[in-house]
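J.: Provided herewith: input_4.cif, mmCIF, C-alpha atoms and all ligand atoms.
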```cif
data_model
loop_
_atom_site.group_PDB
_atom_site.id
_atom_site.type_symbol
_atom_site.label_atom_id
_atom_site.label_comp_id
_atom_site.auth_asym_id
_atom_site.auth_seq_id
_atom_site.Cartn_x
_atom_site.Cartn_y
_atom_site.Cartn_z
ATOM 1 C CA MET J 1 -19.581 -1.520 -10.346
ATOM 2 C CA HIS J 2 -16.040 -0.460 -11.234
ATOM 3 C CA THR J 3 -15.015 3.144 -11.350
ATOM 4 C CA ASN J 4 -11.836 4.404 -12.945
ATOM 5 C CA HIS J 5 -10.364 7.622 -11.675
ATOM 6 C CA PRO J 6 -7.852 8.975 -14.151
ATOM 7 C CA GLU J 7 -6.463 11.817 -12.045
ATOM 8 C CA PRO J 8 -2.750 11.184 -11.489
ATOM 9 C CA ALA J 9 -1.530 11.356 -7.911
ATOM 10 C CA ASP J 10 1.202 13.860 -7.280
ATOM 11 C CA ASN J 11 2.806 11.890 -4.484
ATOM 12 C CA ALA J 12 4.119 8.382 -5.004
ATOM 13 C CA ASP J 13 3.896 7.440 -1.332
ATOM 14 C CA ARG J 14 0.469 6.035 -0.438
ATOM 15 C CA SER J 15 1.127 6.889 3.178
ATOM 16 C CA ASP J 16 0.656 10.580 2.456
ATOM 17 C CA THR J 17 -2.224 10.170 0.043
ATOM 18 C CA ALA J 18 -4.329 7.460 1.629
ATOM 19 C CA ASP J 19 -7.527 8.739 0.004
ATOM 20 C CA THR J 20 -6.055 9.446 -3.406
ATOM 21 C CA VAL J 21 -6.871 7.266 -6.378
ATOM 22 C CA ARG J 22 -4.021 7.139 -8.857
ATOM 23 C CA GLU J 23 -4.003 6.947 -12.626
ATOM 24 C CA ASN J 24 -5.480 3.618 -13.884
ATOM 25 C CA GLU J 25 -6.304 2.355 -10.402
ATOM 26 C CA ILE J 26 -9.710 0.734 -10.001
ATOM 27 C CA VAL J 27 -11.758 1.480 -6.922
ATOM 28 C CA ILE J 28 -14.983 -0.304 -6.039
ATOM 29 C CA ALA J 29 -17.761 -0.043 -3.507
ATOM 30 C CA PRO J 30 -17.302 -3.585 -2.150
ATOM 31 C CA GLU J 31 -20.484 -5.639 -2.182
ATOM 32 C CA GLN J 32 -21.904 -6.798 1.113
ATOM 33 C CA SER J 33 -20.736 -10.290 1.985
ATOM 34 C CA PRO J 34 -20.929 -12.407 5.115
ATOM 35 C CA GLU J 35 -18.522 -10.987 7.626
ATOM 36 C CA ALA J 36 -15.939 -12.911 9.575
ATOM 37 C CA TRP J 37 -15.701 -12.244 13.265
ATOM 38 C CA LEU J 38 -12.181 -11.242 14.244
ATOM 39 C CA SER J 39 -10.955 -10.241 17.642
ATOM 40 C CA PHE J 40 -7.752 -8.450 18.386
ATOM 41 C CA ILE J 41 -5.535 -10.307 20.856
ATOM 42 C CA GLY J 42 -3.306 -7.377 21.749
ATOM 43 C CA LEU J 43 -1.387 -4.619 20.081
ATOM 44 C CA ILE J 44 2.036 -3.968 18.654
ATOM 45 C CA ASN J 45 4.441 -1.298 19.838
ATOM 46 C CA THR J 46 6.909 -0.169 17.194
ATOM 47 C CA PRO J 47 9.092 2.904 16.684
ATOM 48 C CA TRP J 48 7.066 4.008 13.624
ATOM 49 C CA LEU J 49 4.448 6.704 14.068
ATOM 50 C CA GLU J 50 3.801 7.434 10.378
ATOM 51 C CA ARG J 51 3.354 5.164 7.397
ATOM 52 C CA SER J 52 5.914 7.133 5.430
ATOM 53 C CA THR J 53 8.663 6.068 7.846
ATOM 54 C CA CYS J 54 7.610 2.409 8.242
ATOM 55 C CA PRO J 55 9.724 -0.116 6.356
ATOM 56 C CA ARG J 56 7.909 -1.754 3.446
ATOM 57 C CA GLN J 57 8.935 -5.137 4.829
ATOM 58 C CA GLY J 58 10.529 -5.916 8.165
ATOM 59 C CA ASP J 59 14.169 -6.763 8.634
ATOM 60 C CA HIS J 60 15.461 -9.313 11.151
ATOM 61 C CA THR J 61 18.225 -6.889 12.057
ATOM 62 C CA GLY J 62 15.713 -4.066 12.518
ATOM 63 C CA PRO J 63 14.642 -2.505 15.803
ATOM 64 C CA ILE J 64 13.044 -4.511 18.582
ATOM 65 C CA CYS J 65 9.266 -4.254 18.567
ATOM 66 C CA GLU J 66 6.918 -5.381 21.281
ATOM 67 C CA LEU J 67 3.830 -7.565 20.940
ATOM 68 C CA VAL J 68 1.643 -6.830 23.954
ATOM 69 C CA LEU J 69 -0.765 -9.695 24.390
ATOM 70 C CA ASP J 70 -4.042 -9.378 26.287
ATOM 71 C CA GLN J 71 -3.551 -11.195 29.597
ATOM 72 C CA GLN J 72 -6.211 -13.812 28.878
ATOM 73 C CA TRP J 73 -4.063 -15.156 26.010
ATOM 74 C CA VAL J 74 -0.813 -15.577 27.958
ATOM 75 C CA PRO J 75 -1.301 -19.360 28.441
ATOM 76 C CA ALA J 76 -1.469 -19.603 24.641
ATOM 77 C CA LEU J 77 2.265 -18.800 24.537
ATOM 78 C CA ASP J 78 3.181 -22.143 26.089
ATOM 79 C CA GLY J 79 5.795 -23.774 23.821
ATOM 80 C CA LEU J 80 6.374 -20.745 21.608
ATOM 81 C CA ALA J 81 9.727 -19.732 23.153
ATOM 82 C CA GLU J 82 11.474 -22.698 21.510
ATOM 83 C CA TYR J 83 11.056 -21.068 18.089
ATOM 84 C CA GLU J 84 13.669 -18.612 16.840
ATOM 85 C CA PHE J 85 11.250 -17.279 14.227
ATOM 86 C CA ILE J 86 7.525 -16.796 14.506
ATOM 87 C CA GLU J 87 4.807 -15.552 12.197
ATOM 88 C CA VAL J 88 2.819 -12.517 13.275
ATOM 89 C CA LEU J 89 -0.512 -11.511 11.764
ATOM 90 C CA TYR J 90 -1.810 -8.003 12.296
ATOM 91 C CA TRP J 91 -4.603 -5.706 11.219
ATOM 92 C CA LEU J 92 -3.398 -2.781 9.125
ATOM 93 C CA HIS J 93 -6.098 -0.606 10.590
ATOM 94 C CA HIS J 94 -5.407 2.607 8.673
ATOM 95 C CA SER J 95 -5.684 0.989 5.248
ATOM 96 C CA ARG J 96 -8.372 1.684 2.716
ATOM 97 C CA ARG J 97 -10.031 -1.522 1.521
ATOM 98 C CA ASP J 98 -11.583 -0.703 -1.823
ATOM 99 C CA LEU J 99 -8.818 -0.833 -4.439
ATOM 100 C CA VAL J 100 -8.882 -3.677 -6.956
ATOM 101 C CA THR J 101 -5.807 -2.509 -8.846
ATOM 102 C CA GLN J 102 -3.055 -0.323 -7.513
ATOM 103 C CA SER J 103 -0.262 1.766 -8.911
ATOM 104 C CA PRO J 104 2.541 1.465 -6.355
ATOM 105 C CA ARG J 105 4.669 4.082 -8.119
ATOM 106 C CA ALA J 106 1.773 6.343 -9.092
ATOM 107 C CA ASP J 107 3.004 6.163 -12.678
ATOM 108 C CA GLY J 108 -0.097 4.764 -14.364
ATOM 109 C CA ARG J 109 1.180 1.162 -14.285
ATOM 110 C CA THR J 110 -1.138 -0.948 -12.171
ATOM 111 C CA PHE J 111 -1.037 -4.383 -10.565
ATOM 112 C CA GLY J 112 -3.862 -6.443 -9.120
ATOM 113 C CA THR J 113 -4.232 -6.067 -5.375
ATOM 114 C CA PHE J 114 -3.694 -9.816 -4.926
ATOM 115 C CA ALA J 115 -0.409 -9.593 -6.810
ATOM 116 C CA LEU J 116 0.921 -7.106 -4.254
ATOM 117 C CA ARG J 117 1.804 -7.115 -0.564
ATOM 118 C CA SER J 118 0.384 -3.630 -0.223
ATOM 119 C CA PRO J 119 -1.425 -2.827 3.050
ATOM 120 C CA VAL J 120 -4.393 -1.783 0.884
ATOM 121 C CA ARG J 121 -6.546 -4.891 0.456
ATOM 122 C CA PRO J 122 -10.120 -6.002 1.100
ATOM 123 C CA ASN J 123 -9.105 -7.431 4.466
ATOM 124 C CA PRO J 124 -5.980 -5.559 5.513
ATOM 125 C CA ILE J 125 -4.115 -8.401 7.189
ATOM 126 C CA GLY J 126 -0.340 -8.018 7.366
ATOM 127 C CA THR J 127 1.982 -10.925 8.034
ATOM 128 C CA SER J 128 5.654 -10.995 8.944
ATOM 129 C CA ILE J 129 8.104 -13.670 9.929
ATOM 130 C CA VAL J 130 9.907 -12.110 12.868
ATOM 131 C CA LYS J 131 12.859 -13.084 15.022
ATOM 132 C CA LEU J 132 11.741 -13.870 18.543
ATOM 133 C CA GLU J 133 14.226 -12.344 20.963
ATOM 134 C CA ARG J 134 12.430 -13.109 24.226
ATOM 135 C CA ILE J 135 9.113 -13.469 25.978
ATOM 136 C CA ASP J 136 8.459 -11.726 29.263
ATOM 137 C CA GLY J 137 4.974 -12.405 30.639
ATOM 138 C CA ASN J 138 2.510 -11.000 28.118
ATOM 139 C CA ARG J 139 5.206 -9.195 26.118
ATOM 140 C CA LEU J 140 7.089 -10.663 23.180
ATOM 141 C CA TYR J 141 10.152 -8.840 21.898
ATOM 142 C CA VAL J 142 10.736 -9.355 18.179
ATOM 143 C CA ARG J 143 12.680 -7.976 15.224
ATOM 144 C CA GLY J 144 11.361 -7.835 11.688
ATOM 145 C CA LEU J 145 8.119 -5.870 11.815
ATOM 146 C CA ASP J 146 6.950 -3.138 9.484
ATOM 147 C CA CYS J 147 3.803 -1.740 11.099
ATOM 148 C CA LEU J 148 2.747 1.426 12.849
ATOM 149 C CA ASN J 149 2.866 1.808 16.594
ATOM 150 C CA GLY J 150 -0.482 0.664 17.993
ATOM 151 C CA THR J 151 -1.325 -1.758 15.167
ATOM 152 C CA PRO J 152 -3.805 -4.374 16.437
ATOM 153 C CA LEU J 153 -2.474 -7.909 16.807
ATOM 154 C CA LEU J 154 -4.463 -10.762 15.240
ATOM 155 C CA ASP J 155 -2.473 -13.958 15.702
ATOM 156 C CA ILE J 156 0.917 -15.527 16.390
ATOM 157 C CA LYS J 157 2.165 -18.846 14.991
ATOM 158 C CA PRO J 158 5.470 -20.703 14.857
ATOM 159 C CA ASP J 159 7.308 -20.193 11.576
ATOM 160 C CA ARG J 160 6.017 -22.978 9.342
ATOM 161 C CA SER J 161 9.509 -23.980 8.202
ATOM 162 C CA LEU J 162 10.492 -24.710 11.819
ATOM 163 C CA PHE J 163 7.224 -26.297 12.874
ATOM 164 C CA THR J 164 6.594 -30.017 13.198
ATOM 165 C CA PRO J 165 2.928 -30.949 13.546
ATOM 166 C CA LYS J 166 2.058 -31.950 17.088
ATOM 167 C CA ALA J 167 -1.059 -33.860 16.105
ATOM 168 C CA ALA J 168 -0.940 -37.532 15.141
ATOM 169 C CA PRO J 169 -0.298 -38.152 11.444
ATOM 170 C CA LYS J 170 -3.429 -38.271 9.319
ATOM 171 C CA THR J 171 -4.367 -41.559 7.710
ATOM 172 C CA PRO J 172 -3.504 -41.295 4.021
ATOM 173 C CA ARG J 173 -6.529 -41.201 1.762
ATOM 174 C CA PRO J 174 -6.980 -44.257 -0.454
ATOM 175 C CA ASP J 175 -6.239 -43.613 -4.139
HETATM 176 N N1 LIG F 201 4.758 -7.449 6.001
HETATM 177 C C1 LIG F 201 3.342 -7.264 5.774
HETATM 178 C C2 LIG F 201 2.873 -8.139 4.641
HETATM 179 O O1 LIG F 201 3.663 -8.385 3.717
HETATM 180 O O2 LIG F 201 1.745 -8.616 4.695
HETATM 181 C C3 LIG F 201 2.939 -5.815 5.547
HETATM 182 C C4 LIG F 201 3.623 -5.189 4.363
HETATM 183 S S1 LIG F 201 2.996 -3.554 4.037
HETATM 184 C C5 LIG F 201 3.804 -3.236 2.485
HETATM 185 C C6 LIG F 201 3.871 -2.543 5.162
HETATM 186 C C7 LIG F 201 3.448 -1.106 5.014
HETATM 187 O O3 LIG F 201 2.118 -0.959 5.505
HETATM 188 C C8 LIG F 201 4.254 -0.125 5.809
HETATM 189 O O4 LIG F 201 5.394 0.307 5.115
HETATM 190 C C9 LIG F 201 3.267 1.019 6.023
HETATM 191 O O5 LIG F 201 3.295 1.907 4.910
HETATM 192 C C10 LIG F 201 1.918 0.333 6.031
HETATM 193 N N2 LIG F 201 1.359 0.172 7.378
HETATM 194 C C11 LIG F 201 1.995 -0.240 8.483
HETATM 195 N N3 LIG F 201 1.169 -0.291 9.527
HETATM 196 C C12 LIG F 201 -0.038 0.072 9.078
HETATM 197 C C13 LIG F 201 -1.319 0.206 9.684
HETATM 198 N N4 LIG F 201 -1.517 -0.071 10.974
HETATM 199 N N5 LIG F 201 -2.350 0.613 8.908
HETATM 200 C C14 LIG F 201 -2.149 0.881 7.603
HETATM 201 N N6 LIG F 201 -0.966 0.792 6.965
HETATM 202 C C15 LIG F 201 0.083 0.392 7.702
#
```
Reformat the file's structure so that it appears as C-alpha cells.
Ligand code: SAM

T.:
Amino acid sequence: MHTNHPEPADNADRSDTADTVRENEIVIAPEQSPEAWLSFIGLINTPWLERSTCPRQGDHTGPICELVLDQQWVPALDGLAEYEFIEVLYWLHHSRRDLVTQSPRADGRTFGTFALRSPVRPNPIGTSIVKLERIDGNRLYVRGLDCLNGTPLLDIKPDRSLFTPKAAPKTPRPD
C-alpha cells in the first residue's frame, strides 16, 4: 500500500529531518520478505559526527578514516595491501528504509530510490572506492569515505578495475 504525504519539508537536508516525508515522496510499509543474514565485520572511525557535516560522496584527498576490523577477520586482509584502491561496503545504520521515491531538494521533484545514491534505501548499504594508505594489524587507513563515525563495516574488496581474478579461467559456454 502506497501512501503519499503532501506536506512540504521545511529543511532540504535529510540529515536534520530523518523522519520527515517531503512533498510527492512515497513512503511504504515494506512487506515482509525473507531476510538476509548480515554480520558486521568491524566499524569505521571518521571525523563526522552528524549527517549534516558528512560529505555526500567521499574524496580521495579527504581526511584519513580508519576501518577497524574485528580481530577474527585479520587473516582475510592477506594480499589486500597491494591495491592502491579498495571498495568498502558499510551499513548506513541511521537511515530510514521505507521511501520508494525521494525528493533530494525537498522541492516536490522526486526520483526513484534506485535512481539515487541516497543513504535512504530498503537495505541501506553504502559503497565507496577509497584510497588505501596503509594497513596496521586490524586497522586500515583510507581516504574517500563519507559516513558517520561508528558506521558498521560490512565488507572490503579490491577495486574491481585493479583486480585480476585469482581463480582459473572458466570454460567458455558452448554457443
Ligand atoms: N558513498 C555511498 C554510496 O554511494 O553508496 C554513500 C553515499 S550517501 C549519499 C552519504 C551520506 O549518507 C552522507 O552524506 C550522510 O548524510 C549519510 N550517512 C553517512 N553515514 C550514515 C549512517 N551511518 N547512517 C545514515 N546515514 C549516513

J.: Report the residues retrieved by the PyMOL selection byres (((chain J and resi 138) around 12) and not hetatm) from the displayed file, expressed as a ChimeraX atom specification.

T.: /J:41-44,66-78,134-137,139-141

J.: Which residues are near ligand LIG 201 (chain F) - at most 10 Å, using all atoms listed in the file? Format: as JSON, numbers by chain.

T.: {"J": [13, 14, 15, 16, 18, 44, 46, 48, 49, 50, 51, 52, 53, 54, 55, 56, 57, 58, 59, 88, 89, 90, 91, 92, 93, 94, 95, 96, 116, 117, 118, 119, 120, 124, 125, 126, 127, 128, 129, 130, 144, 145, 146, 147, 148, 149, 150, 151, 152, 153]}

J.: Convert the output of the PyMOL selection byres (((chain J and resi 99) around 8) and not hetatm) on the shown file into explicit residues, formatted as a list in words.

T.: Glu25, Ile26, Val27, Ile28, Arg96, Arg97, Asp98, Val100, Thr101, Gln102, Thr113, Val120, Arg121 and Pro122 of chain J

J.: Provide the atom CA of J:Arg109 to atom CA of J:Asn24 distance in Å, to one decimal place.

T.: 7.1 Å

J.: To one decimal in Å, tell me the separation between atom CA of J:Pro63 and atom CA of J:Glu84.

T.: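 These two atoms are separated by 16.2 Å.
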
J.: Between atom CA of J:Arg22 and atom CA of J:Gly108, measure the distance and give it in Å to one decimal.

T.: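 Atom-to-atom, atom CA of J:Arg22 to atom CA of J:Gly108, that is 7.2 Å.
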